[in-house]
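Peer 1: Sharing protein_19.cif here; it has mmCIF, C-alpha atoms.
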```
data_query
#
loop_
_atom_site.label_atom_id
_atom_site.label_comp_id
_atom_site.auth_asym_id
_atom_site.auth_seq_id
_atom_site.Cartn_x
_atom_site.Cartn_y
_atom_site.Cartn_z
CA MET A 1 81.94 65.59 102.54
CA ALA A 2 83.97 66.69 105.54
CA TRP A 3 81.09 68.71 107.04
CA ARG A 4 78.92 65.59 107.54
CA GLN A 5 80.34 65.15 111.03
CA HIS A 6 78.93 68.53 112.04
CA VAL A 7 75.29 67.64 111.28
CA PRO A 8 74.58 65.52 114.42
CA ALA A 9 76.03 68.31 116.58
CA LEU A 10 73.61 70.81 115.04
CA ALA A 11 70.66 68.46 115.53
CA SER A 12 71.57 68.09 119.19
CA ALA A 13 72.02 71.87 119.59
CA SER A 14 68.59 72.59 118.10
CA ALA A 15 67.01 70.12 120.51
CA GLY A 16 68.94 71.61 123.41
CA ILE A 17 67.66 75.13 122.78
CA ARG A 18 64.09 73.85 122.51
CA GLN A 19 64.54 71.95 125.78
CA ALA A 20 65.76 75.10 127.55
CA GLU A 21 62.78 77.03 126.18
CA ASP A 22 60.27 74.31 127.13
CA ALA A 23 61.69 74.02 130.64
CA TRP A 24 61.26 77.77 131.16
CA ASP A 25 57.75 77.81 129.71
CA ALA A 26 56.77 75.05 132.11
CA VAL A 27 57.57 77.15 135.20
CA SER A 28 57.36 80.79 134.07
CA ASP A 29 53.63 81.03 134.80
CA TYR A 30 54.28 80.39 138.48
CA PHE A 31 56.11 83.70 138.70
CA CYS A 32 53.29 85.69 137.05
CA ASP A 33 49.72 86.70 137.77
CA HIS A 34 46.74 85.85 135.58
CA ASP A 35 47.54 88.74 133.25
CA GLY A 36 51.10 87.53 132.69
CA TRP A 37 52.83 90.17 134.84
CA PRO A 38 55.62 88.91 137.12
CA VAL A 39 54.70 88.82 140.81
CA ASP A 40 58.03 87.29 141.82
CA GLU A 41 60.37 89.49 139.84
CA LYS A 42 63.55 87.98 141.24
CA GLY A 43 62.43 84.41 140.56
CA TYR A 44 61.30 85.42 137.08
CA ALA A 45 64.59 87.16 136.30
CA ASP A 46 66.67 84.30 137.71
CA GLY A 47 64.72 81.79 135.62
CA LYS A 48 65.42 83.72 132.43
CA VAL A 49 69.11 83.89 133.31
CA VAL A 50 69.21 80.09 133.57
CA ARG A 51 67.28 79.68 130.30
CA ASP A 52 69.53 82.09 128.40
CA ALA A 53 72.72 80.46 129.74
CA GLN A 54 71.58 76.98 128.74
CA ALA A 55 70.54 78.19 125.30
CA TRP A 56 73.80 80.04 124.65
CA LYS A 57 75.84 76.86 125.14
CA HIS A 58 74.01 75.44 122.13
CA VAL A 59 74.40 78.67 120.16
CA GLU A 60 78.16 78.20 120.50
CA VAL A 61 77.75 74.78 118.86
CA PHE A 62 75.97 76.45 115.95
CA LEU A 63 78.76 79.00 115.66
CA ALA A 64 81.34 76.20 115.56
CA HIS A 65 79.59 73.94 113.04
CA GLY A 66 76.86 75.95 111.29
CA PRO A 67 78.92 77.90 108.72
CA ASP A 68 80.56 74.74 107.36
CA VAL A 69 77.23 72.94 107.03
CA LEU A 70 75.60 75.96 105.37
CA ALA A 71 78.42 76.15 102.84
CA GLY A 72 78.26 72.42 102.19
CA VAL A 73 74.50 72.39 101.62
CA ARG A 74 74.66 75.36 99.28
CA ALA A 75 77.45 73.76 97.28
CA ALA A 76 75.61 70.44 96.96
CA ALA A 77 72.07 71.73 96.31
CA THR A 78 70.90 71.90 92.71
CA GLY A 79 68.47 74.20 90.98
CA ALA A 80 65.84 71.45 91.15
CA ASP A 81 66.31 71.25 94.93
CA TYR A 82 65.41 74.92 95.22
CA LEU A 83 62.50 74.86 92.79
CA GLY A 84 60.43 72.01 94.15
CA GLY A 85 62.45 69.16 95.56
CA PRO A 86 61.94 67.52 98.98
CA ILE A 87 64.13 70.15 100.67
CA SER A 88 62.95 73.25 98.79
CA GLU A 89 61.19 74.64 101.89
CA ASP A 90 64.21 73.87 104.05
CA LEU A 91 66.54 75.65 101.64
CA ARG A 92 64.41 78.80 101.88
CA ARG A 93 65.17 78.91 105.61
CA LEU A 94 68.93 79.04 105.16
CA SER A 95 68.97 82.83 104.99
CA SER A 96 67.31 83.02 108.43
CA ILE A 97 69.98 80.72 109.86
CA ASP A 98 72.68 82.78 108.19
CA ALA A 99 71.34 85.98 109.74
CA ALA A 100 71.06 84.45 113.22
CA LEU A 101 74.62 83.14 113.02
CA LYS A 102 75.96 86.53 111.97
CA ARG A 103 74.25 88.28 114.88
CA ALA A 104 75.35 85.63 117.36
CA GLY A 105 78.88 85.82 115.99
CA GLN A 106 78.92 89.56 116.57
CA ILE A 107 77.74 89.06 120.16
CA GLN A 108 80.49 86.51 120.70
CA ARG A 109 83.14 88.84 119.31
CA GLU A 110 81.98 91.63 121.62
CA TRP A 111 82.21 89.18 124.53
CA ASP A 112 85.75 88.27 123.53
CA ASP A 113 86.67 91.97 123.47
CA VAL A 114 85.26 92.44 126.97
CA MET A 115 87.27 89.47 128.25
CA THR A 116 90.42 90.91 126.71
CA ILE A 117 89.84 94.22 128.50
CA MET A 118 89.33 92.36 131.79
CA ASP A 119 92.61 90.46 131.55
CA GLY A 120 94.32 93.05 133.73
CA SER A 121 91.59 93.15 136.39
CA LEU A 122 92.00 91.84 139.93
CA PRO A 123 90.73 88.24 140.32
CA GLY A 124 87.77 89.17 142.52
CA THR A 125 86.77 92.09 140.33
CA ARG A 126 87.12 90.04 137.17
CA ALA A 127 84.87 87.25 138.49
CA LEU A 128 82.17 89.77 139.40
CA TYR A 129 82.17 91.58 136.07
CA GLU A 130 82.62 88.40 134.04
CA SER A 131 79.48 86.89 135.55
CA ARG A 132 77.49 90.01 134.73
CA ALA A 133 78.93 90.18 131.22
CA GLN A 134 77.91 86.57 130.63
CA GLU A 135 74.34 87.33 131.65
CA ILE A 136 74.23 90.25 129.22
CA ARG A 137 75.71 88.19 126.39
CA ASN A 138 73.31 85.31 126.97
CA ALA A 139 70.30 87.62 127.16
CA GLU A 140 71.28 89.40 123.95
CA GLY A 141 71.74 86.03 122.25
CA TRP A 142 68.37 84.60 123.28
CA HIS A 143 66.54 85.89 120.20
CA ASP A 144 69.10 84.29 117.90
CA ALA A 145 69.01 81.08 119.94
CA HIS A 146 65.25 80.98 119.41
CA GLU A 147 65.68 81.56 115.67
CA LEU A 148 68.24 78.75 115.45
CA SER A 149 65.91 76.38 117.28
CA LEU A 150 63.17 77.21 114.76
CA HIS A 151 65.22 76.97 111.58
CA GLY A 152 68.11 74.73 112.64
CA PRO A 153 66.19 71.49 111.93
CA ALA A 154 65.73 72.67 108.32
CA LEU A 155 69.49 72.91 107.91
CA VAL A 156 69.90 69.45 109.41
CA ARG A 157 67.28 67.95 107.07
CA ALA A 158 68.81 69.60 104.02
CA ALA A 159 72.30 68.44 104.98
CA GLU A 160 71.14 64.88 105.56
CA TYR A 161 69.30 64.86 102.23
CA VAL A 162 72.19 66.04 100.08
CA THR A 163 74.60 63.81 102.00
CA ASN A 164 72.53 60.65 101.60
CA ARG A 165 71.51 61.31 98.01
CA PRO A 166 72.46 58.34 95.80
CA GLU A 167 75.79 58.81 94.06
CA SER A 168 74.08 58.68 90.67
CA GLU A 169 72.01 61.72 91.65
CA GLN A 170 74.87 63.76 93.05
CA PRO A 171 75.33 66.88 90.90
CA SER A 172 78.66 67.19 89.19
CA GLN A 173 80.91 70.15 89.73
CA THR A 174 80.09 71.30 86.22
CA GLU A 175 76.36 71.25 86.95
CA ARG A 176 76.83 73.14 90.22
CA ALA A 177 78.91 75.74 88.44
CA ARG A 178 76.28 76.09 85.71
CA VAL A 179 73.51 76.61 88.28
CA ALA A 180 75.62 79.10 90.22
CA LEU A 181 76.30 81.10 87.07
CA LYS A 182 72.63 81.04 86.15
CA ARG A 183 71.68 82.32 89.60
CA SER A 184 74.26 85.09 89.50
CA ALA A 185 73.00 86.17 86.09
CA SER A 186 69.34 86.31 87.12
CA GLY A 187 67.93 89.79 87.19
CA THR A 188 70.58 91.24 84.91
CA SER A 189 69.90 92.71 81.49
CA THR A 190 70.07 90.46 78.49
CA ALA A 191 73.46 90.37 76.89
CA PRO A 192 73.62 91.93 73.43
CA PRO A 193 73.78 89.51 70.49
CA THR A 194 77.19 88.54 69.24
CA PRO A 195 78.08 90.74 66.27
CA PRO A 196 78.61 88.99 62.93
CA PRO A 197 82.20 88.29 61.98
CA VAL A 198 83.93 91.06 60.10
CA PRO A 199 84.60 90.05 56.48
CA PRO A 200 88.27 89.85 55.58
CA ALA A 201 89.68 93.02 54.09
CA SER A 202 90.40 93.06 50.35
CA PRO A 203 94.06 92.59 49.55
CA THR A 204 96.03 95.84 49.47
CA PRO A 205 97.46 96.61 46.02
CA PRO A 206 101.22 96.39 45.94
CA HIS A 207 102.97 99.68 46.58
CA ARG A 208 104.41 101.09 43.34
CA SER A 209 107.96 102.27 43.78
CA ARG A 210 108.99 105.54 42.20
#
```
Produce structure tokens that represent the structure in this file.
Peer 2:
Amino acid sequence: MAWRQHVPALASASAGIRQAEDAWDAVSDYFCDHDGWPVDEKGYADGKVVRDAQAWKHVEVFLAHGPDVLAGVRAAATGADYLGGPISEDLRRLSSIDAALKRAGQIQREWDDVMTIMDGSLPGTRALYESRAQEIRNAEGWHDAHELSLHGPALVRAAEYVTNRPESEQPSQTERARVALKRSASGTSTAPPTPPPVPPASPTPPHRSR
């Protein structure tokens, strides 16, 4: 499967987001009082800017590789995998990853639009506004970065499982199609029974000429 090469990149990205979060958690208390309110507001804000920027770099990795891996896992997973196999819990998390990727993708597209608008700006003005726009993008993407760090390892585990499954256990295309059809038909009304064949009509008597 061509998407196998993307899996290590996603594993590294998940770890990178967690590292950015852990690094911030280790120092954030120093900027706050005992009740958790910031006493050094500038230091607190600057620390979050660094955290968000580091996390967004890894979100971009998810945007580059995540959709292909999601599609590959869904194509390779069988009905048994969803019902109670070793990756059944991981497969249930795919929708959360999907949602985070869609939101992050929208943020990235809005960023691209802003950069297009700024193409005609003076160099000094562009640098100033670009830096601020980056901070806004990274801050808006932090929630999705956190979601990807939580659920990303599930996608990695599922991808590794279906990739390393023995060849004898790999579902055929026919089986995958059957499962897909069964899923798409779930929740729909039962099809009416096939009507019995119509008996052949009795031969028409020959037309009598006048």
Peer 1: Which residues, written as a list in words, have at least one atom at most 9 Å from Met118 in chain A, with only C-alpha atoms counted and residues fewer than 5 positions away on the same chain left out?
Peer 2: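 Skipping anything fewer than 5 positions along the chain leaves Asp113, Thr125, Arg126, Tyr129 and Glu130 of chain A.
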Peer 1: I need the output of the PyMOL selection byres ((chain A and resi 161) around 12) for this file as a list in words; which residues are they?
Peer 2: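 Written out, the selection comes to Arg4, Val7, Gly72, Val73, Ala76, Ala77, Thr78, Asp81, Gly85, Pro86, Ile87, Ser88, Asp90, Leu91, Ala154, Leu155, Val156, Arg157, Ala158, Ala159, Glu160, Val162, Thr163, Asn164, Arg165, Pro166, Glu169 and Gln170 of chain A.
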Peer 1: Let's have the selection written as an mmCIF file, keeping the file's coordinate frame, with C-alpha atoms.
Peer 2:
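Contents of selection38.cif, freshly written:
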```cif
data_model
loop_
_atom_site.group_PDB
_atom_site.id
_atom_site.type_symbol
_atom_site.label_atom_id
_atom_site.label_comp_id
_atom_site.auth_asym_id
_atom_site.auth_seq_id
_atom_site.Cartn_x
_atom_site.Cartn_y
_atom_site.Cartn_z
ATOM 1 C CA ARG A 4 78.920 65.590 107.540
ATOM 2 C CA VAL A 7 75.290 67.640 111.280
ATOM 3 C CA GLY A 72 78.260 72.420 102.190
ATOM 4 C CA VAL A 73 74.500 72.390 101.620
ATOM 5 C CA ALA A 76 75.610 70.440 96.960
ATOM 6 C CA ALA A 77 72.070 71.730 96.310
ATOM 7 C CA THR A 78 70.900 71.900 92.710
ATOM 8 C CA ASP A 81 66.310 71.250 94.930
ATOM 9 C CA GLY A 85 62.450 69.160 95.560
ATOM 10 C CA PRO A 86 61.940 67.520 98.980
ATOM 11 C CA ILE A 87 64.130 70.150 100.670
ATOM 12 C CA SER A 88 62.950 73.250 98.790
ATOM 13 C CA ASP A 90 64.210 73.870 104.050
ATOM 14 C CA LEU A 91 66.540 75.650 101.640
ATOM 15 C CA ALA A 154 65.730 72.670 108.320
ATOM 16 C CA LEU A 155 69.490 72.910 107.910
ATOM 17 C CA VAL A 156 69.900 69.450 109.410
ATOM 18 C CA ARG A 157 67.280 67.950 107.070
ATOM 19 C CA ALA A 158 68.810 69.600 104.020
ATOM 20 C CA ALA A 159 72.300 68.440 104.980
ATOM 21 C CA GLU A 160 71.140 64.880 105.560
ATOM 22 C CA VAL A 162 72.190 66.040 100.080
ATOM 23 C CA THR A 163 74.600 63.810 102.000
ATOM 24 C CA ASN A 164 72.530 60.650 101.600
ATOM 25 C CA ARG A 165 71.510 61.310 98.010
ATOM 26 C CA PRO A 166 72.460 58.340 95.800
ATOM 27 C CA GLU A 169 72.010 61.720 91.650
ATOM 28 C CA GLN A 170 74.870 63.760 93.050
#
```
Peer 1: Give me, please, the distance in Å between CA of Ala71 in chain A and CA of Gln19 in chain A, quoted to one decimal.
Peer 2: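 Computing the Euclidean distance for CA of Ala71 in chain A and CA of Gln19 in chain A yields 27.1 Å.
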Peer 1: Do you have the CA of Pro153 in chain A-CA of Ser14 in chain A distance handy?
Peer 2: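 Going from CA of Pro153 in chain A over to CA of Ser14 in chain A covers 6.7 Å.
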Peer 1: Out of A:Ile136, A:Ala80, A:Leu148, A:Ile107, which residue has the shortest atom-to-atom distance to Phe62 in chain A when counting all atoms listed in the file?
Peer 2: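 When distances to Phe62 in chain A are compared using all atoms listed in the file, the smallest one comes from A:Leu148.
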Peer 1: Interatomic distance between CA of Ala139 in chain A and CA of Asp52 in chain A?
Peer 2: 5.7 Å
Peer 1: Let me make sure I understand: among A:Trp24, A:Tyr82, A:Trp56, A:Tyr30, which one has the smallest atom-to-atom distance to His143 in chain A if we use only C-alpha atoms?
Peer 2: A:Trp56
Peer 1: Which residue gives the smallest distance to Val50 in chain A among A:Ala20, A:Ser149, A:Ala133, A:Ser121, with all atoms listed in the file counted?
Peer 2: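 Distance minimum relative to Val50 in chain A lands on A:Ala20.
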Peer 1: Out of A:Ala145, A:Ala15, A:Ala23, A:Leu10, which residue has the shortest atom-to-atom distance to Pro67 in chain A when counting only C-alpha atoms?
Peer 2: A:Leu10
